[in-house]
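Comments concern the structure below.
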Amino acid sequence: MLENVIDKAVSTITRVRSLGFSAEALLLNSVLKMLGHKEGSGYEKLSIEEFKYVRDSVLELFDRDAQAIRKGFIPYKVLIPESPVSHFLRLPRLLLEGMEMGKRKKKGQTTQFDSKAQEFLDEVPKYYQRNFHFQDSGYLSDKSARFYDHQVELLFRGAADAMRRLMLPRLHQRFASLDEGKGLQLLELGAGTGRSTQFVRWTLPRAKMVVTDLSEFYLRVTQEKLRKERRISFMQTDAAKLPFRPESFDCVFSVFMFHEMPEAVRAEVVAEALRVLRPGGYFICVDSLQLGDNPGLDPILKLFPSEFHEPFYQNYINTPVEKILEAAGFQNVGSDNGFVAKVFWGTKN
């Protein structure tokens, strides 16, 4: 009985949070639409039956997340909200950025960078030199890094964090014999703004972590978030060309990175992960659901390439990541999903 009460309480917290982001998204999208800067979120293109399936999938994710938190697989700390002052002060700026994103979308501007971002173009691969999601200078600007987490939660109606956390129970169970991850060497690829980095750090607080990303701007935000944490180092580097010696890490992980890459680069990243893992090492990632993983959600997956600048997404959802892991040589490959996210893993012999 007590377990059910705890599960319901935690799930209620995440549902209320979701309602808050949903209300914000509705407000911002309505204003932007009235101003002629945005066509909508894409959800309105779903049929009533499809929308109900999406809603039920989100609620199922929240219930599953609540159970994992109650069981101790995910620390309760993940439920602590950010400062409401910081949150609401960001909304006017998000509205202005939404207007700018709408303009870029209408003009088809997918490779526009300001002068500061242009200085970094020779440090990143060609495929990365684009305005992903029609963001200001793509992933090469302070502005997009500051707004990213909030924008993603608006897009997924407050479900993004719960999807990121899908890998935490498996990490917890995989390394349960160790004292809070003591002695582990972890490597994160494509850390972005560090939200998932925080979750992993709180799950395995005594592990040593190397946190990497291609964007100096996003990596700077990650460093700020984790400035009080110990046993963490940061490096700007390409996940497809890692500067680490073979067999250096016990676990390599990433969140929402693979769908931003061409298929060939995904294969290179997986090969690099295998190379730097020690025998028995664990590779685990969270990314977008793929076609056929949950047929009821296939319609929403098909919306992303048309609504947002996701140049490699169509190929991603049609190319099972499990096959890429198996082709690289990973063993015990598996996957699971929650809402529109997929967690997949493999081990090195």
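All residue names refer to the structure tokens as shown: chains lettered A, B, ... in order, residues numbered from 1 in each chain, ligands numbered from 1 in order.
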
For this session: List the neighbours of range 133-137 of chain A out to 10 Å using only C-alpha atoms; skip same-chain residues closer than 4 positions along the sequence, and give me the result as a PyMOL selection string.
Result: chain A and resi 97-98+100-105+108-118+129+141-145+147-148+304-305+307-311

Problem set entry | Selection: 9 Å around range 1-3 of chain A, only C-alpha atoms, excl. self and same-chain fewer than 4 positions, as a PyMOL selection string | chain A and resi 7-8+67+70-71

For this session: Enumerate as an NGL selection string all residues of range 34-255 of chain A assigned to alpha helix (DSSP H) by DSSP on the backbone, naming them with the chain letters and numbers the document uses.
Result: :A and (34 or 48-70 or 84-107 or 115-118 or 142-155 or 160-164 or 168-174 or 195-203 or 216-225)

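Between CA of Gly334 in chain A and CA of Val265 in chain A lies a distance of 20.8 Å.
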
Exercise. From the set A:Gly280, A:Pro320, A:Gly20, A:Gly292, which residue has the shortest atom-to-atom contact distance to Arg174 in chain A, counting only C-alpha atoms?
Worked result: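 Using only C-alpha atoms, Arg174 in chain A sits closest to A:Gly280.
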
Problem set entry | In range 227-257 of chain A, DSSP strand (DSSP E) residues written as a list of chain:residue names | A:Ile232, A:Ser233, A:Phe234, A:Met235, A:Gln236, A:Phe249, A:Asp250, A:Cys251, A:Val252, A:Phe253, A:Ser254, A:Val255

Problem set entry | Non-local contacts of Thr212 in chain A (6 Å; only C-alpha atoms; under 6 positions in same chain excluded) as a list in words |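 Listing them by chain and then by number gives Glu188, Leu189, Gly190, Ala191, Phe234, Met235 and Gln236 of chain A.
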
Exercise. Contacts of Glu272 in chain A at 8 Å or less, counting only C-alpha atoms, minus same-chain residues fewer than 3 places along, as a list in words?
Worked result: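 The residues that qualify are Ala239, Ala240, Lys241, Leu242, Glu268, Val269, Arg275 and Val276 of chain A.
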
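For Glu260 in chain A, the list of residues within 9 Å, based on only C-alpha atoms and with local chain neighbours fewer than 2 positions off taken out, reads Tyr127, Tyr128, Phe132, Phe256, Met257, Phe258, Pro262, Glu310, Pro311, Phe312, Tyr313 and Tyr316 of chain A.
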
Just all heavy atoms for this one: save the residues we selected as a compact mmCIF listing (two decimals), in the first residue's frame.
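Once everything was written out, this is part02.txt:
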```txt
# COMPACT_ATOMS: atom_id res chain seq x y z
N TYR A 127 28.84 17.91 -41.11
CA TYR A 127 27.43 17.63 -40.83
C TYR A 127 26.91 18.46 -39.65
O TYR A 127 25.71 18.69 -39.52
CB TYR A 127 27.21 16.15 -40.55
CG TYR A 127 27.63 15.68 -39.17
CD1 TYR A 127 26.78 15.80 -38.07
CD2 TYR A 127 28.89 15.11 -38.95
CE1 TYR A 127 27.17 15.38 -36.81
CE2 TYR A 127 29.28 14.70 -37.69
CZ TYR A 127 28.42 14.83 -36.62
OH TYR A 127 28.81 14.42 -35.38
N TYR A 128 27.82 18.91 -38.80
CA TYR A 128 27.46 19.65 -37.58
C TYR A 128 27.29 21.14 -37.86
O TYR A 128 26.78 21.88 -37.02
CB TYR A 128 28.58 19.45 -36.56
CG TYR A 128 28.21 19.72 -35.12
CD1 TYR A 128 27.48 18.80 -34.39
CD2 TYR A 128 28.65 20.88 -34.49
CE1 TYR A 128 27.18 19.03 -33.05
CE2 TYR A 128 28.37 21.12 -33.15
CZ TYR A 128 27.62 20.19 -32.44
OH TYR A 128 27.33 20.42 -31.11
N PHE A 132 20.57 23.21 -36.41
CA PHE A 132 19.67 22.17 -35.93
C PHE A 132 18.48 22.82 -35.22
O PHE A 132 18.64 23.72 -34.40
CB PHE A 132 20.40 21.24 -34.96
CG PHE A 132 21.40 20.35 -35.64
CD1 PHE A 132 22.75 20.69 -35.68
CD2 PHE A 132 21.01 19.16 -36.24
CE1 PHE A 132 23.68 19.87 -36.29
CE2 PHE A 132 21.93 18.33 -36.86
CZ PHE A 132 23.27 18.68 -36.89
N PHE A 256 20.37 11.41 -26.53
CA PHE A 256 19.85 12.23 -27.64
C PHE A 256 20.96 12.79 -28.53
O PHE A 256 20.97 13.97 -28.87
CB PHE A 256 18.97 13.37 -27.11
CG PHE A 256 17.68 12.89 -26.50
CD1 PHE A 256 17.21 13.44 -25.31
CD2 PHE A 256 16.94 11.88 -27.09
CE1 PHE A 256 16.02 13.00 -24.73
CE2 PHE A 256 15.75 11.44 -26.52
CZ PHE A 256 15.29 11.99 -25.35
N MET A 257 21.89 11.94 -28.91
CA MET A 257 22.99 12.34 -29.79
C MET A 257 22.91 11.68 -31.16
O MET A 257 23.15 12.32 -32.19
CB MET A 257 24.34 12.02 -29.13
CG MET A 257 25.55 12.38 -29.99
SD MET A 257 27.12 11.85 -29.26
CE MET A 257 27.02 10.07 -29.50
N PHE A 258 22.58 10.40 -31.20
CA PHE A 258 22.70 9.62 -32.43
C PHE A 258 21.81 10.13 -33.57
O PHE A 258 22.20 10.06 -34.74
CB PHE A 258 22.41 8.14 -32.16
CG PHE A 258 23.61 7.39 -31.66
CD1 PHE A 258 24.08 7.60 -30.38
CD2 PHE A 258 24.27 6.48 -32.46
CE1 PHE A 258 25.20 6.93 -29.90
CE2 PHE A 258 25.38 5.80 -32.01
CZ PHE A 258 25.85 6.02 -30.72
N PRO A 262 24.78 11.59 -39.31
CA PRO A 262 24.60 10.71 -40.48
C PRO A 262 24.86 9.27 -40.06
O PRO A 262 25.57 9.00 -39.09
CB PRO A 262 25.67 11.21 -41.46
CG PRO A 262 26.02 12.58 -41.00
CD PRO A 262 25.86 12.58 -39.52
N GLU A 310 15.83 18.63 -38.82
CA GLU A 310 16.45 17.39 -38.36
C GLU A 310 16.92 16.62 -39.61
O GLU A 310 16.27 15.67 -40.05
CB GLU A 310 15.45 16.54 -37.57
CG GLU A 310 15.05 17.11 -36.23
CD GLU A 310 16.07 16.79 -35.14
OE1 GLU A 310 17.17 16.32 -35.49
OE2 GLU A 310 15.77 17.02 -33.97
N PRO A 311 18.04 17.02 -40.19
CA PRO A 311 18.46 16.49 -41.50
C PRO A 311 18.75 14.99 -41.54
O PRO A 311 18.65 14.38 -42.60
CB PRO A 311 19.71 17.30 -41.83
CG PRO A 311 20.22 17.76 -40.50
CD PRO A 311 19.00 18.02 -39.68
N PHE A 312 19.10 14.39 -40.41
CA PHE A 312 19.48 12.98 -40.41
C PHE A 312 18.46 12.10 -39.69
O PHE A 312 18.68 10.90 -39.52
CB PHE A 312 20.87 12.81 -39.76
CG PHE A 312 21.88 13.78 -40.30
CD1 PHE A 312 22.37 14.80 -39.52
CD2 PHE A 312 22.29 13.70 -41.63
CE1 PHE A 312 23.28 15.72 -40.02
CE2 PHE A 312 23.20 14.61 -42.15
CZ PHE A 312 23.69 15.63 -41.34
N TYR A 313 17.37 12.71 -39.27
CA TYR A 313 16.39 12.00 -38.46
C TYR A 313 15.65 10.92 -39.24
O TYR A 313 15.41 9.83 -38.72
CB TYR A 313 15.39 13.00 -37.87
CG TYR A 313 14.49 12.40 -36.82
CD1 TYR A 313 14.94 12.21 -35.52
CD2 TYR A 313 13.19 12.01 -37.14
CE1 TYR A 313 14.12 11.66 -34.55
CE2 TYR A 313 12.36 11.47 -36.18
CZ TYR A 313 12.83 11.29 -34.89
OH TYR A 313 12.01 10.73 -33.93
N TYR A 316 17.74 8.00 -39.40
CA TYR A 316 17.88 7.41 -38.07
C TYR A 316 16.69 6.52 -37.72
O TYR A 316 16.88 5.38 -37.26
CB TYR A 316 18.03 8.51 -37.02
CG TYR A 316 17.91 7.97 -35.61
CD1 TYR A 316 19.00 7.38 -34.97
CD2 TYR A 316 16.69 8.00 -34.93
CE1 TYR A 316 18.88 6.85 -33.69
CE2 TYR A 316 16.56 7.47 -33.66
CZ TYR A 316 17.66 6.89 -33.04
OH TYR A 316 17.52 6.35 -31.78
```

Exercise. Excluding same-chain residues fewer than 5 positions from Asp149 in chain A, what lies within 9 Å of it counting only C-alpha atoms, as a PyMOL selection string?
Worked result: chain A and resi 154+160+193+195

For this session: Would you please work out which residue, of A:Val54, A:Val221, A:Ala271, A:Ala207, is nearest to Val340 in chain A when using only C-alpha atoms?
Result: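 Closest candidate: A:Val54.
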
For this session: Just the residues within 6 Å of Leu277 in chain A, please, counting only C-alpha atoms, with nothing from its chain fewer than 2 positions along; format it as a VMD selection string.
Result: chain A and resid 247 to 250 274 to 275 281
